[in-house]
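Coordinates as given in my_file-v3.tsv (TSV, C-alpha atoms):
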```tsv
chain	number	residue	atom	x	y	z
A	1	MET	CA	-11.19	6.76	7.78
A	2	THR	CA	-8.59	8.76	9.70
A	3	PRO	CA	-9.54	12.47	9.79
A	4	GLY	CA	-7.67	14.50	7.20
A	5	GLN	CA	-7.01	11.60	4.85
A	6	PRO	CA	-8.50	11.79	1.32
A	7	ALA	CA	-11.22	9.27	0.44
A	8	SER	CA	-9.64	8.71	-2.98
A	9	LEU	CA	-6.19	7.39	-3.73
A	10	GLN	CA	-3.50	9.82	-4.81
A	11	LEU	CA	-0.27	8.81	-6.53
A	12	PRO	CA	2.80	10.89	-7.42
A	13	SER	CA	2.65	12.14	-11.00
A	14	PHE	CA	5.92	10.35	-11.75
A	15	LEU	CA	4.07	7.01	-11.52
A	16	HIS	CA	1.60	7.81	-14.31
A	17	GLY	CA	2.24	7.54	-18.04
A	18	THR	CA	3.68	5.15	-20.58
A	19	LEU	CA	6.36	2.78	-19.39
A	20	ARG	CA	9.09	4.85	-21.00
A	21	SER	CA	7.86	8.14	-19.56
A	22	VAL	CA	7.50	6.64	-16.07
A	23	GLN	CA	11.02	5.22	-16.32
A	24	GLN	CA	12.34	8.68	-17.13
A	25	LYS	CA	10.32	10.45	-14.43
A	26	THR	CA	11.12	7.95	-11.67
A	27	LYS	CA	14.82	8.11	-12.52
A	28	ARG	CA	14.75	11.91	-12.21
A	29	GLU	CA	12.83	11.67	-8.95
A	30	GLY	CA	15.36	9.19	-7.57
A	31	LEU	CA	18.27	11.46	-8.48
A	32	ARG	CA	16.48	14.40	-6.83
A	33	CYS	CA	15.86	12.38	-3.66
A	34	GLY	CA	19.41	11.06	-3.58
A	35	GLU	CA	20.95	14.50	-4.04
A	36	GLN	CA	18.87	16.00	-1.22
A	37	TYR	CA	19.62	13.04	1.05
A	38	ARG	CA	23.34	13.46	0.37
A	39	GLU	CA	23.12	17.15	1.24
A	40	ASP	CA	21.08	17.10	4.45
A	41	GLY	CA	19.93	13.54	5.16
A	42	THR	CA	16.28	14.22	4.31
A	43	ILE	CA	13.91	12.92	1.62
A	44	PRO	CA	11.82	15.43	-0.37
A	45	VAL	CA	8.10	14.92	-0.89
A	46	PRO	CA	6.86	14.35	-4.46
A	47	ARG	CA	6.33	17.62	-6.34
A	48	GLN	CA	2.92	16.73	-7.76
A	49	MET	CA	0.19	14.29	-6.73
A	50	LEU	CA	-2.60	13.05	-8.99
A	51	GLU	CA	-5.94	11.62	-7.95
A	52	VAL	CA	-6.64	8.12	-9.25
A	53	PRO	CA	-10.28	7.95	-10.42
A	54	ALA	CA	-12.42	5.54	-8.41
A	55	GLY	CA	-12.40	2.03	-9.86
A	56	GLU	CA	-9.35	2.64	-12.05
A	57	VAL	CA	-6.64	-0.01	-12.31
A	58	VAL	CA	-3.19	0.41	-10.73
A	59	VAL	CA	-0.38	-1.83	-12.02
A	60	ALA	CA	1.21	-3.23	-8.87
A	61	HIS	CA	3.68	-5.74	-10.35
A	62	GLU	CA	5.86	-5.59	-13.45
A	63	VAL	CA	5.02	-9.13	-14.64
A	64	VAL	CA	1.53	-7.97	-15.68
A	65	ASP	CA	2.65	-4.73	-17.34
A	66	PHE	CA	2.36	-5.67	-21.00
A	67	GLN	CA	0.67	-2.60	-22.49
A	68	ARG	CA	3.77	-0.49	-22.21
A	69	GLU	CA	2.71	2.23	-24.65
A	70	ARG	CA	-0.55	2.76	-22.79
A	71	PRO	CA	-0.62	5.41	-20.06
A	72	ALA	CA	-1.19	3.67	-16.73
A	73	TRP	CA	-0.67	4.01	-13.00
A	74	ARG	CA	2.56	2.06	-12.42
A	75	LEU	CA	2.97	1.70	-8.65
A	76	TYR	CA	5.65	-0.98	-8.88
A	77	MET	CA	8.05	1.51	-10.46
A	78	VAL	CA	8.73	3.14	-7.11
A	79	SER	CA	11.66	0.71	-7.26
A	80	ASP	CA	13.14	2.82	-10.08
A	81	VAL	CA	13.11	5.83	-7.76
A	82	MET	CA	15.31	3.92	-5.34
A	83	GLY	CA	17.58	2.95	-8.23
A	84	GLY	CA	18.01	6.63	-9.04
A	85	MET	CA	18.76	7.36	-5.38
A	86	ARG	CA	21.52	4.76	-5.32
A	87	GLU	CA	23.02	6.27	-8.45
A	88	ALA	CA	22.96	9.75	-6.94
A	89	LEU	CA	24.80	8.37	-3.92
A	90	ASP	CA	27.40	6.70	-6.15
A	91	TRP	CA	26.25	3.35	-4.75
A	92	GLN	CA	27.85	4.16	-1.40
A	93	ASN	CA	26.12	3.63	1.95
A	94	THR	CA	22.74	3.24	0.25
A	95	LEU	CA	20.91	1.16	2.88
A	96	PRO	CA	20.36	4.07	5.33
A	97	ALA	CA	19.01	6.13	2.42
A	98	ARG	CA	16.67	3.32	1.42
A	99	ASP	CA	15.43	3.01	4.99
A	100	SER	CA	14.83	6.77	5.16
A	101	TYR	CA	12.92	6.66	1.89
A	102	GLU	CA	10.77	3.79	3.16
A	103	ALA	CA	10.04	5.64	6.39
A	104	CYS	CA	8.81	8.65	4.42
A	105	CYS	CA	6.79	6.48	2.05
A	106	LEU	CA	5.03	4.70	4.92
A	107	GLU	CA	3.39	8.03	5.74
A	108	THR	CA	1.54	7.86	2.39
A	109	ALA	CA	-1.05	5.43	1.00
A	110	TRP	CA	0.90	4.71	-2.18
A	111	GLY	CA	4.21	4.21	-0.38
A	112	ALA	CA	2.72	2.00	2.30
A	113	LEU	CA	1.18	-0.29	-0.30
A	114	PHE	CA	4.34	-0.42	-2.41
A	115	PHE	CA	6.56	-1.54	0.47
A	116	ALA	CA	3.99	-4.06	1.72
A	117	LEU	CA	3.86	-5.61	-1.75
A	118	ALA	CA	7.57	-5.38	-2.57
A	119	GLN	CA	8.65	-7.06	0.69
A	120	MET	CA	12.20	-5.79	0.43
A	121	GLY	CA	14.44	-7.48	2.93
A	122	PRO	CA	15.05	-7.99	5.67
A	123	VAL	CA	11.39	-9.02	6.00
A	124	SER	CA	11.50	-9.05	9.78
A	125	ALA	CA	8.46	-9.24	12.03
A	126	GLU	CA	9.03	-5.66	13.20
A	127	ARG	CA	9.43	-4.21	9.71
A	128	THR	CA	6.50	-6.15	8.28
A	129	ALA	CA	4.32	-4.94	11.17
A	130	ARG	CA	5.15	-1.33	10.29
A	131	ARG	CA	4.34	-1.91	6.64
A	132	LEU	CA	1.02	-3.59	7.32
A	133	GLN	CA	0.01	-1.00	9.91
A	134	SER	CA	0.68	1.74	7.37
A	135	VAL	CA	-1.50	0.02	4.77
A	136	LEU	CA	-4.26	-0.32	7.35
A	137	ARG	CA	-4.13	3.41	8.13
A	138	PHE	CA	-4.90	4.18	4.48
A	139	TRP	CA	-7.30	1.29	3.90
A	140	GLU	CA	-10.29	3.32	2.71
A	141	SER	CA	-8.44	5.29	0.04
A	142	LEU	CA	-6.59	2.17	-1.14
A	143	GLN	CA	-9.95	0.43	-1.51
A	144	SER	CA	-11.14	2.97	-4.07
A	145	VAL	CA	-9.22	1.40	-6.99
A	146	ARG	CA	-8.36	-2.04	-8.35
A	147	TYR	CA	-4.96	-3.64	-8.81
A	148	LEU	CA	-3.10	-5.79	-11.31
A	149	PHE	CA	-0.64	-7.98	-9.44
A	150	LYS	CA	0.85	-11.32	-10.51
A	151	LYS	CA	-2.20	-12.92	-12.13
A	152	LEU	CA	-2.69	-11.97	-15.76
A	153	GLY	CA	-5.99	-10.31	-16.58
A	154	ALA	CA	-7.25	-10.25	-12.99
A	155	ALA	CA	-8.02	-6.86	-11.46
A	156	HIS	CA	-7.96	-7.38	-7.70
A	157	THR	CA	-9.79	-5.57	-4.96
A	158	LEU	CA	-7.56	-4.41	-2.10
A	159	GLU	CA	-8.61	-7.44	-0.04
A	160	GLU	CA	-7.74	-9.82	-2.88
A	161	LEU	CA	-4.44	-8.04	-3.43
A	162	MET	CA	-3.43	-8.36	0.21
A	163	VAL	CA	-4.31	-12.06	0.25
A	164	ALA	CA	-2.25	-12.61	-2.91
A	165	SER	CA	0.76	-10.68	-1.62
A	166	CYS	CA	0.65	-10.96	2.18
A	167	GLY	CA	-1.37	-14.13	2.73
A	168	TRP	CA	1.75	-15.69	4.25
A	169	ALA	CA	1.68	-13.10	7.06
A	170	MET	CA	-1.92	-13.88	7.88
A	171	ASP	CA	-1.31	-17.64	7.72
A	172	ALA	CA	1.74	-17.43	9.98
A	173	TRP	CA	0.48	-14.88	12.49
A	174	CYS	CA	-3.32	-15.03	12.35
A	175	PRO	CA	-4.25	-18.47	10.96
A	176	GLU	CA	-7.93	-18.16	11.88
A	177	GLY	CA	-9.68	-17.43	8.60
A	178	GLU	CA	-13.22	-16.69	9.76
A	179	VAL	CA	-12.72	-12.93	10.10
A	180	SER	CA	-12.22	-10.32	7.38
A	181	VAL	CA	-8.91	-9.78	5.59
A	182	ARG	CA	-8.57	-6.39	7.24
A	183	ALA	CA	-9.14	-7.83	10.72
A	184	ARG	CA	-6.64	-10.63	10.12
A	185	LEU	CA	-4.04	-8.13	8.94
A	186	GLU	CA	-4.67	-6.00	12.02
A	187	ASN	CA	-4.22	-9.00	14.29
A	188	ALA	CA	-1.13	-10.20	12.45
A	189	ALA	CA	0.50	-6.75	12.54
A	190	GLU	CA	-0.22	-6.34	16.24
A	191	LEU	CA	1.29	-9.73	17.07
A	192	MET	CA	4.33	-9.08	14.87
A	193	ALA	CA	4.96	-5.69	16.45
A	194	ARG	CA	5.34	-7.14	19.96
A	195	ALA	CA	6.65	-10.60	19.08
A	196	THR	CA	9.40	-12.26	21.09
A	197	ARG	CA	11.91	-14.56	19.46
A	198	GLU	CA	9.85	-17.53	20.69
A	199	ASP	CA	6.72	-16.05	19.09
A	200	CYS	CA	8.58	-15.70	15.81
A	201	VAL	CA	9.77	-19.32	15.95
A	202	GLU	CA	6.20	-20.53	16.35
A	203	ALA	CA	5.06	-18.39	13.43
A	204	ILE	CA	7.92	-19.78	11.35
A	205	PHE	CA	6.78	-23.32	12.08
A	206	ARG	CA	3.22	-22.47	11.05
A	207	GLN	CA	4.54	-21.28	7.70
A	208	MET	CA	7.29	-23.88	7.23
A	209	PRO	CA	5.05	-26.42	5.39
A	210	GLN	CA	4.44	-23.81	2.67
A	211	ALA	CA	8.16	-23.10	2.41
A	212	LEU	CA	8.95	-26.81	2.12
A	213	ALA	CA	6.30	-27.22	-0.58
A	214	HIS	CA	7.95	-24.53	-2.71
A	215	ALA	CA	11.62	-25.10	-1.91
A	216	GLY	CA	12.14	-27.61	-4.70
A	217	LYS	CA	13.89	-30.93	-4.26
A	218	LEU	CA	16.11	-30.85	-1.19
A	219	LYS	CA	18.93	-33.40	-1.08
A	220	HIS	CA	18.80	-34.05	2.66
A	221	ARG	CA	15.58	-35.29	4.26
A	222	GLN	CA	16.56	-34.05	7.69
A	223	VAL	CA	16.10	-30.45	6.51
A	224	ALA	CA	12.34	-31.15	6.72
A	225	ASP	CA	12.62	-32.49	10.27
A	226	PRO	CA	11.12	-30.00	12.78
A	227	ALA	CA	13.72	-30.98	15.39
A	228	PHE	CA	16.53	-30.17	12.96
A	229	GLN	CA	14.84	-26.89	12.00
A	230	ARG	CA	14.35	-25.85	15.61
A	231	GLU	CA	17.98	-26.61	16.40
A	232	ARG	CA	19.21	-24.58	13.44
A	233	LEU	CA	16.92	-21.65	14.23
A	234	ALA	CA	18.27	-21.56	17.79
A	235	LYS	CA	21.81	-21.21	16.42
A	236	LEU	CA	21.06	-18.17	14.25
A	237	ASP	CA	22.61	-14.94	15.47
A	238	SER	CA	20.27	-12.00	16.09
A	239	ARG	CA	20.86	-10.40	12.69
A	240	SER	CA	20.29	-13.62	10.76
A	241	PHE	CA	17.23	-14.44	12.82
A	242	GLU	CA	15.75	-10.98	12.27
A	243	ARG	CA	15.78	-11.61	8.53
A	244	VAL	CA	13.43	-14.59	8.89
A	245	SER	CA	11.52	-13.48	11.99
A	246	GLY	CA	8.48	-12.36	10.00
A	247	ALA	CA	8.03	-15.93	8.66
A	248	CYS	CA	7.92	-14.71	5.05
A	249	THR	CA	7.74	-17.78	2.81
A	250	GLY	CA	10.49	-16.57	0.48
A	251	GLU	CA	12.92	-15.99	3.34
A	252	LEU	CA	12.15	-19.45	4.78
A	253	ILE	CA	12.77	-21.08	1.39
A	254	SER	CA	16.20	-19.42	1.27
A	255	LEU	CA	16.86	-20.67	4.79
A	256	LEU	CA	15.95	-24.26	3.89
A	257	ILE	CA	18.09	-24.23	0.76
A	258	GLY	CA	21.00	-22.81	2.76
A	259	TRP	CA	20.70	-25.57	5.36
A	260	ASP	CA	20.59	-28.16	2.61
A	261	ARG	CA	23.79	-26.79	1.09
A	262	ASP	CA	25.46	-26.72	4.49
A	263	LEU	CA	24.77	-30.43	4.90
A	264	GLU	CA	26.14	-31.04	1.40
A	265	ARG	CA	29.44	-29.46	2.36
A	266	GLN	CA	29.81	-31.50	5.54
```
Whole structure given in structure tokens:
Amino acid sequence: MTPGQPASLQLPSFLHGTLRSVQQKTKREGLRCGEQYREDGTIPVPRQMLEVPAGEVVVAHEVVDFQRERPAWRLYMVSDVMGGMREALDWQNTLPARDSYEACCLETAWGALFFALAQMGPVSAERTARRLQSVLRFWESLQSVRYLFKKLGAAHTLEELMVASCGWAMDAWCPEGEVSVRARLENAAELMARATREDCVEAIFRQMPQALAHAGKLKHRQVADPAFQRERLAKLDSRSFERVSGACTGELISLLIGWDRDLERQ
């Protein structure tokens, strides 16, 4: 564990309570953050942190949050903070504010895990590397609790949570599965952080079979042709390529569907 970091996980107090109370508190926190960002370009730290008892469950995805009247640790509702920020900024020029909020959150265990799980775009290799490296810095404290993610009734360990949420990154960037989840994430993050465009293309091709399997029925068979895919990837401008450079399955599915529609219009 990095010196100075707590062994237990701490979450902002605005993430604990019933669903309704957390909605109210995260909205207020978002407005507070947005107002300060508008004034001086900075993000305030949470006013109060609470220690999560060892072994307690943290709700990490809204699809499993059914007991809404029950007080719980609702990590996924960090997204409501960002909604409040956008409102405070009158929905103008919100992307720089979101990036600043993410940068601040990546200095905390709870924020690092939220952004690794949420995978807000663009899910580039560089941005994903930062997110994973932040999670790894806080690994010990994040291990102290369990997590509800997308599978009903299953409380995951941190390792299981990262496989469920970021398995695509390990498959694309560190396909060898003989080492621990933590070691694979470390390797994947290191490779992503210094990846060239050619490195990203190879990672994309390692993950492309998964994207094809989940893309639904494509009308044009050539979209599945590696030669066609390589040609289309080479034509992407730098901004468009950055969006898919991490080889996130969801981004690749969108890419495949877009290519299929392009062929339909020709």
**OP:** Could you give me, as a PyMOL selection string, the residues that sit within 7 Å of (16.4, -23.1, 10.5) in the file's coordinates, counting only C-alpha atoms?
**Re:** chain A and resi 229-230+232-233+255-256
**OP:** Kindly indicate which residue among A:Glu198, A:Arg130, A:Gly84, A:Gly41 lies nearest to Ala234 (chain A), using only C-alpha atoms for the distances.
**Re:**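 Once distances to Ala234 (chain A) are computed over only C-alpha atoms, the minimum belongs to A:Glu198.
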**OP:** Quick one: everything within 9 Å of Val123 (chain A), counting all atoms listed in the file, minus sequence neighbours fewer than 4 positions away in the same chain. Send it as a PyMOL selection string.
**Re:** chain A and resi 119+127-128+242-248+251
**OP:** Excluding Thr108 (chain A) and residues on its chain fewer than 4 positions from it, collect all residues at most 8 Å away from it, counting all atoms listed in the file, and give them as a list in words.
**Re:**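 In the requested form, the answer reads Cys104, Ala112, Ser134 and Phe138 of chain A.
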**OP:** Write out as a ChimeraX atom specification which residues come within 8 Å of region 207-218 of chain A when counting only C-alpha atoms, dropping same-chain ones fewer than 4 positions away.
**Re:** /A:168,171-172,203,223-224,247-250,252-254,256-257,260
Original post:
Which distance in Å separates CA of Leu75 (chain A) and CA of Gly177 (chain A), to one decimal?
Top reply: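 Between CA of Leu75 (chain A) and CA of Gly177 (chain A) the gap is 28.7 Å.
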**OP:** Fewer than 2 positions away in the same chain doesn't count, so skip those; otherwise give me all residues within 7 Å of region 8-16 of chain A, counting all atoms listed in the file, as a PyMOL selection string.
**Re:** chain A and resi 6+22+25-26+46+48-52+54+71-75+77+110+141-142+144
Just write the chosen residues, C-alpha atoms, as a compact mmCIF listing (two decimals), keeping the file's coordinate frame.
```
# COMPACT_ATOMS: atom_id res chain seq x y z
CA PRO A 6 -8.50 11.79 1.32
CA VAL A 22 7.50 6.64 -16.07
CA LYS A 25 10.32 10.45 -14.43
CA THR A 26 11.12 7.95 -11.67
CA PRO A 46 6.86 14.35 -4.46
CA GLN A 48 2.92 16.73 -7.76
CA MET A 49 0.19 14.29 -6.73
CA LEU A 50 -2.60 13.05 -8.99
CA GLU A 51 -5.94 11.62 -7.95
CA VAL A 52 -6.64 8.12 -9.25
CA ALA A 54 -12.42 5.54 -8.41
CA PRO A 71 -0.62 5.41 -20.06
CA ALA A 72 -1.19 3.67 -16.73
CA TRP A 73 -0.67 4.01 -13.00
CA ARG A 74 2.56 2.06 -12.42
CA LEU A 75 2.97 1.70 -8.65
CA MET A 77 8.05 1.51 -10.46
CA TRP A 110 0.90 4.71 -2.18
CA SER A 141 -8.44 5.29 0.04
CA LEU A 142 -6.59 2.17 -1.14
CA SER A 144 -11.14 2.97 -4.07
```
Subject >> Length of the CA of Ser100 (chain A) to CA of Val201 (chain A) vector [Å] >> reply: 28.7 Å
Taking all atoms of region 95-112 of chain A that the file lists and extending 4 Å past them on each side, where is the centre of the axis-aligned box and how long are its edges? Answer in Å to one decimal, as lines of an AutoDock Vina configuration file.
```
center_x = 9.9
center_y = 4.9
center_z = 2.1
size_x = 30.0
size_y = 15.5
size_z = 16.6
```
Original post:
Residues around (17.1, 10.0, -9.3), cut-off 9 Å, counting all atoms listed in the file - what are they as a list in words?
Top reply: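 Residues with an atom at most 9 Å from (17.1, 10.0, -9.3): Lys25, Thr26, Lys27, Arg28, Glu29, Gly30, Leu31, Arg32, Cys33, Gly34, Glu35, Asp80, Val81, Met82, Gly83, Gly84, Met85, Arg86, Glu87 and Ala88 of chain A.
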Would you mind exporting the chosen residues as a short mmCIF file (atom, residue, chain, number, x, y, z; two decimals), keeping the file's coordinate frame, restricted to C-alpha atoms?
```
data_model
loop_
_atom_site.label_atom_id
_atom_site.label_comp_id
_atom_site.auth_asym_id
_atom_site.auth_seq_id
_atom_site.Cartn_x
_atom_site.Cartn_y
_atom_site.Cartn_z
CA LYS A 25 10.32 10.45 -14.43
CA THR A 26 11.12 7.95 -11.67
CA LYS A 27 14.82 8.11 -12.52
CA ARG A 28 14.75 11.91 -12.21
CA GLU A 29 12.83 11.67 -8.95
CA GLY A 30 15.36 9.19 -7.57
CA LEU A 31 18.27 11.46 -8.48
CA ARG A 32 16.48 14.40 -6.83
CA CYS A 33 15.86 12.38 -3.66
CA GLY A 34 19.41 11.06 -3.58
CA GLU A 35 20.95 14.50 -4.04
CA ASP A 80 13.14 2.82 -10.08
CA VAL A 81 13.11 5.83 -7.76
CA MET A 82 15.31 3.92 -5.34
CA GLY A 83 17.58 2.95 -8.23
CA GLY A 84 18.01 6.63 -9.04
CA MET A 85 18.76 7.36 -5.38
CA ARG A 86 21.52 4.76 -5.32
CA GLU A 87 23.02 6.27 -8.45
CA ALA A 88 22.96 9.75 -6.94
#
```
Original post:
For Ala118 (chain A), which of A:Leu95, A:Ala193, A:Ala60, A:Val145 is the closest residue, counting only C-alpha atoms?
Top reply: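 Closest residue, counting only C-alpha atoms: A:Ala60.
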Original post:
What separation in Å, quoted to one decimal, exists between CA of Leu148 (chain A) and CA of His61 (chain A)?
Top reply: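 If I compute the distance from CA of Leu148 (chain A) to CA of His61 (chain A), I get 6.8 Å.
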Original post:
Hey, which of A:Leu161, A:Trp139, A:Val179, A:Ala129 ends up closest to Leu191 (chain A)? Count all atoms listed in the file.
Top reply: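 Looking at the shortest contact to Leu191 (chain A), the residue is A:Ala129.
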Original post:
Of the candidates A:Ala7, A:Ile43, A:Cys166, A:Leu152, which one gets nearest to Pro96 (chain A) if we count all atoms listed in the file?
Top reply: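 So, comparing all the options, the nearest one is A:Ile43.
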Original post:
Skipping near chain neighbours, those fewer than 5 positions away, what residues fall within 9 Å of Lys150 (chain A) using all atoms listed in the file, listed as an MDAnalysis selection string?
Top reply: chainID A and resid 60:64 164:165
Original post:
Counting all atoms listed in the file, which of A:Trp259, A:Arg197, A:Gly111, A:Asp99 gets nearest to Asp225 (chain A)?
Top reply: A:Trp259
Original post:
When distances are computed from all atoms listed in the file, which of A:Ala155, A:Leu185, A:Leu136, A:Ala227 shows the smallest separation from Gly55 (chain A)?
Top reply: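 Answer, going by the shortest atom-to-atom distance: A:Ala155.
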Because some atoms of region 13-22 of chain A are absent here, can you restore all heavy atoms and send them as an mmCIF file, in the frame of the given file?
```cif
data_model
loop_
_atom_site.group_PDB
_atom_site.id
_atom_site.type_symbol
_atom_site.label_atom_id
_atom_site.label_comp_id
_atom_site.auth_asym_id
_atom_site.auth_seq_id
_atom_site.Cartn_x
_atom_site.Cartn_y
_atom_site.Cartn_z
ATOM 1 N N SER A 13 2.785 12.040 -9.551
ATOM 2 C CA SER A 13 2.650 12.140 -11.000
ATOM 3 C C SER A 13 3.725 11.334 -11.731
ATOM 4 O O SER A 13 3.518 10.910 -12.870
ATOM 5 C CB SER A 13 2.704 13.600 -11.441
ATOM 6 O OG SER A 13 3.930 14.201 -11.049
ATOM 7 N N PHE A 14 4.861 11.098 -11.067
ATOM 8 C CA PHE A 14 5.920 10.350 -11.750
ATOM 9 C C PHE A 14 5.578 8.871 -11.935
ATOM 10 O O PHE A 14 6.301 8.144 -12.618
ATOM 11 C CB PHE A 14 7.279 10.514 -11.055
ATOM 12 C CG PHE A 14 7.335 10.107 -9.599
ATOM 13 C CD1 PHE A 14 7.318 8.780 -9.219
ATOM 14 C CD2 PHE A 14 7.449 11.077 -8.606
ATOM 15 C CE1 PHE A 14 7.401 8.402 -7.880
ATOM 16 C CE2 PHE A 14 7.538 10.722 -7.267
ATOM 17 C CZ PHE A 14 7.510 9.382 -6.903
ATOM 18 N N LEU A 15 4.486 8.411 -11.356
ATOM 19 C CA LEU A 15 4.070 7.010 -11.520
ATOM 20 C C LEU A 15 2.995 6.841 -12.588
ATOM 21 O O LEU A 15 2.510 5.734 -12.794
ATOM 22 C CB LEU A 15 3.555 6.450 -10.190
ATOM 23 C CG LEU A 15 4.586 6.312 -9.076
ATOM 24 C CD1 LEU A 15 3.929 5.806 -7.797
ATOM 25 C CD2 LEU A 15 5.730 5.388 -9.484
ATOM 26 N N HIS A 16 2.632 7.916 -13.283
ATOM 27 C CA HIS A 16 1.600 7.810 -14.310
ATOM 28 C C HIS A 16 2.168 8.143 -15.684
ATOM 29 O O HIS A 16 2.898 9.116 -15.847
ATOM 30 C CB HIS A 16 0.424 8.741 -14.027
ATOM 31 C CG HIS A 16 -0.710 8.562 -14.981
ATOM 32 N ND1 HIS A 16 -0.899 9.374 -16.073
ATOM 33 C CD2 HIS A 16 -1.687 7.623 -15.028
ATOM 34 C CE1 HIS A 16 -1.960 8.964 -16.746
ATOM 35 N NE2 HIS A 16 -2.453 7.912 -16.127
ATOM 36 N N GLY A 17 1.800 7.313 -16.667
ATOM 37 C CA GLY A 17 2.240 7.540 -18.040
ATOM 38 C C GLY A 17 2.577 6.244 -18.731
ATOM 39 O O GLY A 17 2.300 5.151 -18.231
ATOM 40 N N THR A 18 3.177 6.344 -19.912
ATOM 41 C CA THR A 18 3.680 5.150 -20.580
ATOM 42 C C THR A 18 4.856 4.598 -19.803
ATOM 43 O O THR A 18 5.425 5.290 -18.944
ATOM 44 C CB THR A 18 4.132 5.486 -22.008
ATOM 45 O OG1 THR A 18 5.261 6.385 -21.929
ATOM 46 C CG2 THR A 18 3.014 6.144 -22.821
ATOM 47 N N LEU A 19 5.232 3.379 -20.103
ATOM 48 C CA LEU A 19 6.360 2.780 -19.390
ATOM 49 C C LEU A 19 7.612 3.636 -19.545
ATOM 50 O O LEU A 19 8.317 3.914 -18.569
ATOM 51 C CB LEU A 19 6.615 1.367 -19.896
ATOM 52 C CG LEU A 19 7.801 0.654 -19.231
ATOM 53 C CD1 LEU A 19 7.512 0.368 -17.776
ATOM 54 C CD2 LEU A 19 8.137 -0.639 -19.972
ATOM 55 N N ARG A 20 7.880 4.076 -20.760
ATOM 56 C CA ARG A 20 9.090 4.850 -21.000
ATOM 57 C C ARG A 20 9.067 6.174 -20.239
ATOM 58 O O ARG A 20 10.065 6.562 -19.625
ATOM 59 C CB ARG A 20 9.247 5.120 -22.503
ATOM 60 C CG ARG A 20 10.522 5.874 -22.854
ATOM 61 C CD ARG A 20 10.699 5.986 -24.364
ATOM 62 N NE ARG A 20 11.889 6.727 -24.717
ATOM 63 C CZ ARG A 20 13.116 6.233 -24.737
ATOM 64 N NH1 ARG A 20 13.295 4.976 -24.410
ATOM 65 N NH2 ARG A 20 14.150 6.971 -25.081
ATOM 66 N N SER A 21 7.916 6.853 -20.258
ATOM 67 C CA SER A 21 7.860 8.140 -19.560
ATOM 68 C C SER A 21 7.985 7.955 -18.055
ATOM 69 O O SER A 21 8.632 8.766 -17.373
ATOM 70 C CB SER A 21 6.557 8.875 -19.904
ATOM 71 O OG SER A 21 5.435 8.230 -19.331
ATOM 72 N N VAL A 22 7.389 6.891 -17.506
ATOM 73 C CA VAL A 22 7.500 6.640 -16.070
ATOM 74 C C VAL A 22 8.936 6.277 -15.710
ATOM 75 O O VAL A 22 9.448 6.682 -14.657
ATOM 76 C CB VAL A 22 6.511 5.546 -15.622
ATOM 77 C CG1 VAL A 22 6.728 5.195 -14.151
ATOM 78 C CG2 VAL A 22 5.073 6.017 -15.824
#
```
